[in-house]
Amino acid sequence: MDGWYVDDRCTNCDVARQFAPELIGESQGRSHMLRAPRDEAETRRLHAAAFACPTRSVRPATGRPDPALDPFPMALDDGVLICGHNSRHTAGANSYLLKRPSGSVMMIDTPRWSPALAARYAAVGPVTDVLLTHRDHAAHGRDYADRFGARLWIHEGDLDAAPDADRVIGGLDAVDVGEGVTALPLPGHTRGSVLYLADDRYCFTGDSFYWSRTTGDLEVAESVTWYSVEELAASLARVAAHLRFEWVLPGHGDRRRLPADEMSRRLRSLTERTRLLRPRPIDFTAVRW
């Protein structure tokens with residue numbers, strides 16, 4: 001494929017395929033190249049996939065992608081950037097930078113830790129808060145919060161994953177965490193899972209639900225729901241009628257923007273489907289990316 005390949009360290013986390021789905025596909029539990037890039041735009045998308053991949057498995061013939069084509073942090077729209085450089089210590093989770101009207105920035109979940117990356121993210125604006133959606137994504141929270149001089153947030157249900165957090169969200173009530181940003185506890189994937197909602201536009205879902213390219217819809221990852229899929233169903237039933245957003249921005253799985261009314265309709269449908277689910281053994285291979 002013009003020298004591009006996927007090496008055998010691939011963990012099938014789907015990250016690379018999100019950035020270049022026309023170039024990278026899935027087969028036998030791992031990513032593989034579908035074809036070579038045809039133009040500069042596709043070459044740039046392939047480099048985004050390479051720099052996001054947590055195992056650095058997407059590689060050109062030279063073995064290293066061109067640093068000049070590292071696009072991260074990369075704008076998704078005028079208010080949110082995706083950090084890239086996903087970390088193996090968060091199972092390859094996506095993380096985001098949320099820009100606030102004052103010029104400050106919040107980081108939602110964490111990319112791979114390095115001082116150089118931290119400086120790059122800080123250049124977007126002063127980072128005031130690092131918001132953890134749940135325990136699986138807490139690995140580098142303290143490092144980034146200390147580097148930025150920011151507050152680190154987590155829910156009490158997952159506090160043992162970040163016992164030195166500066167702000168602890170409790171119970172099930174919504175909590176204002178900053179200008180236009182609300183934390184909404186959503187136990188299910190883990191006991192301390194949280195949604196972060198901003199501006200009636202963005203919903204950072206952690207691993208509670210995501211956009212599936214396979215089904216073309218919102219889905220829950222029932223095969224990797226650690227705490228309780230029945231609790232997740234109850235959580236969705238409690239909040240679905242009140243949530244309004246355009247962007248679903250998950251840790252794992254794809255992101256998607258739809259009109260708010262359409263997203264609300266799909267969320268209500270997801271709530272009904274999740275109500276019918278029952279506990280099942282953990283199975284990473286069963287996730288419908």
# chains A, B, ... in the order shown; residues from 1 in each chain; ligands from 1
>>> select_by_dssp(residues="segment 36-246 of chain A", states="alpha helix (DSSP H)", output="compact mmCIF listing (two decimals) with C-alpha atoms, in the first residue's frame")
# COMPACT_ATOMS: atom_id res chain seq x y z
CA GLU A 40 -2.49 15.03 -0.20
CA ALA A 41 -5.74 15.09 1.78
CA GLU A 42 -5.72 11.30 2.19
CA THR A 43 -2.04 11.35 3.11
CA ARG A 44 -2.84 13.84 5.85
CA ARG A 45 -5.71 11.68 7.15
CA LEU A 46 -3.38 8.70 7.23
CA HIS A 47 -0.85 10.69 9.23
CA ALA A 48 -3.60 11.68 11.67
CA ALA A 49 -4.36 7.97 12.10
CA ALA A 50 -0.67 7.23 12.63
CA PHE A 51 -0.16 9.94 15.27
CA ALA A 52 -3.35 8.97 17.11
CA PRO A 115 5.83 17.51 28.46
CA ALA A 116 6.11 18.37 24.77
CA LEU A 117 2.51 17.36 24.13
CA ALA A 118 1.37 19.26 27.23
CA ALA A 119 3.00 22.40 25.87
CA ARG A 120 1.25 21.91 22.56
CA TYR A 121 -2.16 21.57 24.23
CA ALA A 122 -1.52 24.53 26.53
CA GLY A 141 -4.80 13.04 34.76
CA ARG A 142 -2.55 14.17 37.58
CA ASP A 143 0.41 14.76 35.25
CA TYR A 144 -1.60 17.03 32.97
CA ALA A 145 -3.40 18.82 35.80
CA ASP A 146 -0.09 19.59 37.53
CA ARG A 147 1.53 20.74 34.30
CA PHE A 148 -1.38 23.09 33.56
CA VAL A 229 -25.47 -2.88 32.01
CA GLU A 230 -28.74 -2.83 33.96
CA GLU A 231 -27.49 0.20 35.92
CA LEU A 232 -26.50 1.81 32.62
CA ALA A 233 -30.03 1.25 31.32
CA ALA A 234 -31.46 2.86 34.44
CA SER A 235 -29.06 5.80 34.12
CA LEU A 236 -30.03 6.42 30.50
CA ALA A 237 -33.72 6.22 31.40
CA ARG A 238 -33.16 8.83 34.11
CA VAL A 239 -31.47 11.39 31.87
>>> atom_distance(atom1="atom CA of Asn94 of chain A", atom2="atom CA of Leu249 of chain A")
8.6 Å
>>> closest_atom_pairs(of="segment 52-136 of chain A", to="segment 207-223 of chain A", cutoff="9 Å", atoms="only C-alpha atoms", output="tab-separated table")
residue	atom	partner	partner_atom	distance
A:Ala93	CA	A:Asp207	CA	8.9
A:Thr133	CA	A:Asp207	CA	8.0
A:His134	CA	A:Asp207	CA	8.1
A:Asp136	CA	A:Asp207	CA	9.0
>>> residues_around(residues="Asp166 of chain A", least_positions_apart="2", cutoff="9 Å", atoms="only C-alpha atoms", output="PyMOL selection string")
chain A and resi 150-154+163-164+168
>>> write_last_selection(atoms="C-alpha atoms", output="PDB file, in the first residue's frame")
ATOM      1  CA  ALA A 150      -5.531  22.829  36.599  1.00  0.00           C
ATOM      2  CA  ARG A 151      -8.154  21.132  38.759  1.00  0.00           C
ATOM      3  CA  LEU A 152      -8.540  17.370  38.317  1.00  0.00           C
ATOM      4  CA  TRP A 153     -12.141  16.059  38.460  1.00  0.00           C
ATOM      5  CA  ILE A 154     -13.518  12.535  38.943  1.00  0.00           C
ATOM      6  CA  PRO A 163      -7.399   9.532  44.834  1.00  0.00           C
ATOM      7  CA  ASP A 164      -5.571  12.855  44.607  1.00  0.00           C
ATOM      8  CA  VAL A 168     -14.880  14.945  43.529  1.00  0.00           C
TER       9      VAL A 168
END
>>> atom_distance(atom1="atom CA of Asp14 of chain A", atom2="atom CA of Trp289 of chain A")
6.9 Å
>>> residues_around(residues="Gly63 of chain A", least_positions_apart="4", cutoff="10 Å", atoms="only C-alpha atoms", output="list of chain:residue names")
A:Gly3, A:Trp4, A:Tyr5, A:Arg56, A:Ser57, A:Val58, A:Arg59
>>> atom_distance(atom1="atom CA of Asp2 of chain A", atom2="atom CA of Ala20 of chain A")
15.4 Å
>>> select_by_dssp(residues="segment 51-199 of chain A", states="strand (DSSP E or B)", output="VMD selection string")
chain A and resid 58 to 59 74 to 75 80 to 82 96 to 99 105 to 108 127 to 131 151 to 155 167 to 169 175 to 178 181 to 185 194 to 198
>>> write_last_selection(atoms="C-alpha atoms", output="PDB file, in the first residue's frame")
ATOM      1  CA  VAL A  58       0.233   2.585  11.467  1.00  0.00           C
ATOM      2  CA  ARG A  59       3.498   3.230   9.668  1.00  0.00           C
ATOM      3  CA  MET A  74      -6.994  18.932  15.607  1.00  0.00           C
ATOM      4  CA  ALA A  75     -10.170  21.016  15.477  1.00  0.00           C
ATOM      5  CA  VAL A  80     -13.616  21.394  20.365  1.00  0.00           C
ATOM      6  CA  LEU A  81     -10.288  19.876  19.395  1.00  0.00           C
ATOM      7  CA  ILE A  82      -9.310  16.227  19.593  1.00  0.00           C
ATOM      8  CA  TYR A  96     -10.518  16.398  23.837  1.00  0.00           C
ATOM      9  CA  LEU A  97      -9.918  20.094  24.448  1.00  0.00           C
ATOM     10  CA  LEU A  98     -13.043  22.190  25.045  1.00  0.00           C
ATOM     11  CA  LYS A  99     -12.630  25.914  24.396  1.00  0.00           C
ATOM     12  CA  VAL A 105      -9.743  25.456  27.909  1.00  0.00           C
ATOM     13  CA  MET A 106     -10.851  22.232  29.588  1.00  0.00           C
ATOM     14  CA  MET A 107      -9.281  18.842  28.834  1.00  0.00           C
ATOM     15  CA  ILE A 108     -11.659  15.889  28.817  1.00  0.00           C
ATOM     16  CA  VAL A 127      -6.237  24.848  30.745  1.00  0.00           C
ATOM     17  CA  THR A 128      -8.244  25.280  33.934  1.00  0.00           C
ATOM     18  CA  ASP A 129      -9.673  21.783  34.421  1.00  0.00           C
ATOM     19  CA  VAL A 130      -8.952  18.150  33.526  1.00  0.00           C
ATOM     20  CA  LEU A 131     -12.277  16.288  33.512  1.00  0.00           C
ATOM     21  CA  ARG A 151      -8.154  21.132  38.759  1.00  0.00           C
ATOM     22  CA  LEU A 152      -8.540  17.370  38.317  1.00  0.00           C
ATOM     23  CA  TRP A 153     -12.141  16.059  38.460  1.00  0.00           C
ATOM     24  CA  ILE A 154     -13.518  12.535  38.943  1.00  0.00           C
ATOM     25  CA  HIS A 155     -16.646  10.951  40.408  1.00  0.00           C
ATOM     26  CA  ARG A 167     -12.720  17.992  42.788  1.00  0.00           C
ATOM     27  CA  VAL A 168     -14.880  14.945  43.529  1.00  0.00           C
ATOM     28  CA  ILE A 169     -18.359  14.657  42.038  1.00  0.00           C
ATOM     29  CA  VAL A 175     -22.856  19.515  38.960  1.00  0.00           C
ATOM     30  CA  ASP A 176     -21.689  22.755  37.321  1.00  0.00           C
ATOM     31  CA  VAL A 177     -17.954  22.397  36.719  1.00  0.00           C
ATOM     32  CA  GLY A 178     -17.303  25.614  34.813  1.00  0.00           C
ATOM     33  CA  VAL A 181     -20.231  22.903  31.446  1.00  0.00           C
ATOM     34  CA  THR A 182     -22.157  20.377  33.539  1.00  0.00           C
ATOM     35  CA  ALA A 183     -21.094  16.990  34.912  1.00  0.00           C
ATOM     36  CA  LEU A 184     -23.883  14.418  34.883  1.00  0.00           C
ATOM     37  CA  PRO A 185     -23.175  11.148  36.723  1.00  0.00           C
ATOM     38  CA  VAL A 194     -19.805  10.774  34.094  1.00  0.00           C
ATOM     39  CA  LEU A 195     -21.077  12.661  31.065  1.00  0.00           C
ATOM     40  CA  TYR A 196     -19.784  16.187  30.550  1.00  0.00           C
ATOM     41  CA  LEU A 197     -22.245  18.448  28.717  1.00  0.00           C
ATOM     42  CA  ALA A 198     -21.316  21.819  27.238  1.00  0.00           C
TER      43      ALA A 198
END
